[in-house]
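I have placed the structure first, in the form of structure tokens, so that the comments after it can refer back to it.
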Amino acid sequence: MKDASPQTIYLKDYKPFGYVVDDVHLTFKLVPNSTRVVSKITFSPNPDATDRQFRLHGEQLKLISAKINGSDVSPVMLDDGLMVDAPNETFVWEAEVEIAPEANTALEGLYMSNGMYCTQCEAEGFRKITYYPDRPDVMSVFTVRIESDLPVLLSNGNPVAQGEGWAEWHDPWPKPAYLFALVAGDLVNHPDRFVTQSGKDVELNIWVRPGDENKCAFGMEALKASMRWDEEVYGREYDLDIFNIVAVDDFNMGAMENKGLNIFNSSCVLASPETSTDANFERIEAIIAHEYFHNWTGNRITCRDWFQLCLKEGLTVYRDSQFTSDMRSAPVKRISDVIELRGRQFPEDQGPLSHPVRPESFQEINNFYTATVYEKGAEVIGMLKLLVGDDAYAKALDMYFDRHDGQACTIEDWLKVFEDATGRDLSQFKRWYSQSGTPRLAVSEKFEDGTYTLTFKQHTPPTPGQDVKEPQVLPIAVGLLAQDGTEVTPTTVLEMTEAEQSFEFSGLDAKPIPSILRGFSAPVVLERTTSREENLFLLEHDTDPFNRWEASRTLAREGLIAMITDGVGSDTLWLNALKTAVADSTLDPAYRALLLSLPTQSELAQTLFEQGVTPDPMAIWTATDTLREDMAKSWADILPALVEETKVIETFKPDAEQSGKRALAASVLAMQTRLDGGAVAKAQFETADNMTLQLSALTCLIQADAAEDALKSFYDQWKDDRLVMDKWFGLQVAAAKPADAAKRAKTLTEHFDFDWKNPNRFRAVFGGLAMNHAGFHNADGSGYALLADWLIKLDAKNPQTTARMCTAFQTWKRYDADRQAKMRACLTRISETKGLSRDTTEMVSRLLG
């Protein structure tokens, strides 16, 4: 395990490695607990480096031999590698090490998953495989030989030779070690082919365990759609003869973009109508696209150091969001992205884990695979595109690929191509990469003599390590509506650069109704006092789908806050206006389903906290539950028509049209269940022919306290399907009544099928607990204590998953003193655990401040 008292690494201290790696030859002799790795690497002095120290990274390696130019050497062994005198000229380094993949429960480096060898090297896993300069700016071509009696032996690049018990692969494109991959196992493939725009015939494979072959078709179609889209939209063509995807059961993340050999968490690639929900299908489509798009934005052009992680991740998240918008519904995708941003990234920005999109320092890079780097990083790309325009964006991206292909780059390189392509000075825009926190945008208005003036004031609250913030560049998309609902000023992008700035719209006959921040054009908190009447008007008339949804969301949030703080009833005017919108069959069913979604309980807690009110999780749950009850009762008359409209009689397809209908049907079923106690849900559960219908019915039955028989039936039906069982575990906790959530989680940890060492199963139970806001924050502290107990246990086996699950505690300071004390005690108990990993040590230290 890594040292729990690590040094802090700073961006300002970056220095290039003293040597260039000309080529890498690796031989793997695979044995579960005594694999031998033989490396033969050619190094040359780096003319750009001032430090010629030859120091290689290495962790948990047993060094068998080491040579330079064929002569034995005796390196100085360090805690994190080795150091040896090396010539100031081209030389060959050879080493043989022994590692134990079967004992590697951290799932980092080379490890085993149910008899299959697998690698995960991002960010710093390659140093657990052999001694190497394990940093992203060291790039080289790799040739790999794998020796094993397993039938399938895979690595990066193209296959070049094979025989009984061995295979060789060569990757002609220089790559850093974090993109290295190896898989060996008893696997079967789902094959296909793709012809690129230049006529290259590419072999495609999805490799799975025997028995999973029937769950690959959708993933393959998503891959081909991604390849086609990247050619058509970005002009990027695939560059190898073969593209392999492998499904792995034990994986810390969703997937990994290793060059030509993408390794996927099984949950992110295997799909069938019977076992996967519509949400699963859409997520799989997006993740396959994301990892494929990395081939250019991450592999061909990588990041110089880990501080530049957003360079590849923010851009690729933005690209996969564009892809999903084109494949499905752009407004629905945009709203879904904002819900995710506000639910995950905004709390990160507002709490002790706040950091810039490009951090200035870190102790453990694994802890910076965050919503800020990914989702906020993507928002920054979207703002840049909005500011420069579609044509200039395309020109800059072409320049980026032409100029930096084969290089390890920085945010400065990225912004420079935009400056060169557009002539703009982006020095102020660069603050989005260096300043942490969510900007808050206050708005005031004035109408006089036909001129309407909007005045904006921006400020960003202090965050850890950054008390003073400079003004950001904010693209503010605005439209103006007349009193009759017609649009008098179409969407206009205002570019704000000052702390306070005014914009005028002249030639108007009457004061307009503004629609501000259309499409959520900047990741800010909009501070504007609006009347209920104005929001009702926007809900009925706004031509921007996002702001129409936002108006309804605002009304729901304000109504719920009033219910919590003042004890008033549900807002009937909003309920009636929303009822009209949801009944409008001309609107996309998926969009109407989003209109029906209420603010999350965590979002309401944050709103109360910002208003100076200490949030009571149980009061928040009660108000939300009461509002859902009132919605069901007041909408009883339209439910039958919605049921008919959302029926799908065609053969199941996980496309946008059918998925939208099923999403709206799930919302309708939830209301029906409140009226009939679960009768319709029970019938749907028993007759469902796809997982979306079955799981939505089971959710309703759990919430109605009528799920005992259904849960047993579901288990009996799916107990042999590991991914479906993850759903069974997670749903019972996430949908439980608050008083039962921690008890249910504890009971499930005692279940025969609870494999706590499997990240998916662990996240199912404890991610479900964290999602159950009032349940996790139950006043007795049982949720906190249970999670802390299991995090301490898991840390000894899997530090990465442990550290990420610690984020359940990130909002601890917004609650009452008793809950704060309980959470702080749990965090302190974790921090004082003997032998705590570096990952978790850093995370808990930041949470405690």
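By convention here, the chains of the structure tokens are called A, B, ... in the order presented, each chain's residues are numbered starting at 1, and ligands are numbered starting at 1 in the order presented.
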Extract, using only C-alpha atoms, all DNA, RNA and protein residues at most 12 Å from Glu412 in chain A, discarding same-chain residues fewer than 5 positions from it, and format them as a list in words.
-> Cys303, Arg304, Gln308, Leu311, Arg358, Tyr400, Val417, Phe418, Glu419, Leu426, Ser427, Phe429, Lys430, Arg431, Tyr433 and Ser434 of chain A
Restrict the selected residues to N, CA, C and O atoms and save them as a short mmCIF file (atom, residue, chain, number, x, y, z; two decimals), in the first residue's frame.
```cif
data_model
loop_
_atom_site.label_atom_id
_atom_site.label_comp_id
_atom_site.auth_asym_id
_atom_site.auth_seq_id
_atom_site.Cartn_x
_atom_site.Cartn_y
_atom_site.Cartn_z
N CYS A 303 -2.04 14.44 -22.08
CA CYS A 303 -1.74 15.57 -21.19
C CYS A 303 -0.28 15.49 -20.71
O CYS A 303 0.24 14.41 -20.45
N ARG A 304 0.33 16.63 -20.61
CA ARG A 304 1.76 16.69 -20.24
C ARG A 304 2.00 16.17 -18.83
O ARG A 304 3.01 15.51 -18.54
N GLN A 308 -3.03 18.56 -15.94
CA GLN A 308 -3.75 18.88 -17.19
C GLN A 308 -4.84 17.85 -17.49
O GLN A 308 -5.31 17.75 -18.62
N LEU A 311 -7.70 18.57 -19.68
CA LEU A 311 -7.44 18.77 -21.10
C LEU A 311 -8.04 17.63 -21.91
O LEU A 311 -8.65 17.84 -22.96
N ARG A 358 -8.23 22.93 -13.26
CA ARG A 358 -6.84 22.49 -13.28
C ARG A 358 -6.24 22.78 -11.90
O ARG A 358 -5.89 23.92 -11.61
N TYR A 400 -5.70 22.28 -33.55
CA TYR A 400 -5.24 21.55 -32.37
C TYR A 400 -4.74 20.16 -32.76
O TYR A 400 -3.64 19.75 -32.36
N VAL A 417 -4.32 27.57 -29.48
CA VAL A 417 -4.87 27.32 -30.82
C VAL A 417 -6.13 28.15 -31.03
O VAL A 417 -6.40 28.62 -32.16
N PHE A 418 -6.90 28.39 -29.99
CA PHE A 418 -8.09 29.24 -30.12
C PHE A 418 -7.70 30.69 -30.33
O PHE A 418 -8.34 31.41 -31.11
N GLU A 419 -6.66 31.12 -29.63
CA GLU A 419 -6.20 32.50 -29.85
C GLU A 419 -5.68 32.67 -31.27
O GLU A 419 -5.98 33.68 -31.94
N LEU A 426 -7.42 35.17 -24.71
CA LEU A 426 -8.15 34.31 -23.79
C LEU A 426 -7.51 34.25 -22.40
O LEU A 426 -7.76 33.33 -21.63
N SER A 427 -6.71 35.26 -22.09
CA SER A 427 -6.03 35.24 -20.79
C SER A 427 -7.03 35.32 -19.64
O SER A 427 -6.85 34.68 -18.60
N PHE A 429 -10.28 34.37 -19.89
CA PHE A 429 -11.06 33.13 -19.94
C PHE A 429 -10.31 32.00 -19.23
O PHE A 429 -10.93 31.10 -18.65
N LYS A 430 -8.99 32.05 -19.25
CA LYS A 430 -8.17 31.01 -18.61
C LYS A 430 -8.45 30.88 -17.11
O LYS A 430 -8.17 29.84 -16.50
N ARG A 431 -9.04 31.92 -16.51
CA ARG A 431 -9.36 31.85 -15.09
C ARG A 431 -10.32 30.70 -14.78
O ARG A 431 -10.37 30.21 -13.65
N TYR A 433 -9.95 27.83 -15.58
CA TYR A 433 -9.12 26.67 -15.26
C TYR A 433 -8.39 26.82 -13.93
O TYR A 433 -7.96 25.83 -13.35
N SER A 434 -8.23 28.04 -13.46
CA SER A 434 -7.41 28.27 -12.27
C SER A 434 -8.20 28.67 -11.03
O SER A 434 -7.70 28.53 -9.92
#
```
Tell me which protein, DNA and RNA residues are within 6 Å of range 571-582 of chain A, counting only C-alpha atoms, leaving out same-chain ones fewer than 2 positions away, and put them as a PyMOL selection string.
-> chain A and resi 559+584+592
Expected file: the selected residues, C-alpha atoms, as a CSV table (one decimal), in the first residue's frame:
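In the end it all went to result_28.csv:
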```csv
chain,number,residue,atom,x,y,z
A,559,GLY,CA,-42.9,25.9,-3.1
A,584,ASP,CA,-49.3,18.5,-23.9
A,592,ARG,CA,-42.2,16.0,-19.9
```
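Comparing the minimum interatomic distances between Leu695 in chain A and each of A:Leu30, A:Leu642, A:Ala796, A:Val724, counting only C-alpha atoms, we find that A:Val724 sits nearest.
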Can you pull out every residue within 8 Å of Asn547 in chain A, counting only C-alpha atoms, but drop anything in the same chain fewer than 4 positions away, and send it as an NGL selection string?
-> :A and (515-520 or 538-539 or 542 or 551)
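Closest approach to Ala745 in chain A among A:Val844, A:Ala710, A:Ala442, A:Leu787: A:Leu787, based on only C-alpha atoms.
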Tell me, as a ChimeraX atom specification, which residues lie within 9 Å of Pro136 in chain A, counting only C-alpha atoms; anything in the same chain fewer than 5 positions away does not count.
-> /A:123,175-179,302-306,408
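Of the residues listed (A:Leu397, A:Ala590, A:Ala736, A:Ala421), A:Leu397 shows the shortest atom-to-atom separation from Gly235 in chain A; distances use only C-alpha atoms.
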Contacts of Met771 in chain A at 12 Å (only C-alpha atoms; same-chain gap of 2+ positions) as a PyMOL selection string | chain A and resi 343-344+600-603+730-736+738+741-742+763-769+773-777+783+805+807-809
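Put simply, CA of Glu221 in chain A is 17.5 Å away from CA of Gln658 in chain A.
Each of A:Ala100, A:Leu315, A:Leu604, A:Val668 was checked against Ala632 in chain A using only C-alpha atoms; the smallest atom-to-atom distance is that of A:Val668.
Here CA of Asp405 in chain A and CA of Val473 in chain A stand 29.0 Å from one another.
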Do a neighbour search on Leu153 in chain A at 7 Å with only C-alpha atoms, toss out local chain neighbours closer than 2 positions, and write the hits as an NGL selection string.
-> :A and (146 or 151 or 167 or 183-185)
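Excluding Met77 in chain A and any residue on its chain fewer than 2 positions from it, the residues at most 12 Å away by only C-alpha atoms are Arg55, Leu56, His57, Gly58, Glu59, Gln60, Leu61, Lys62, Leu63, Ala66, Val73, Ser74, Pro75, Asp79, Asp80, Gly81, Leu82, Met83, Val84 and Tyr131 of chain A.
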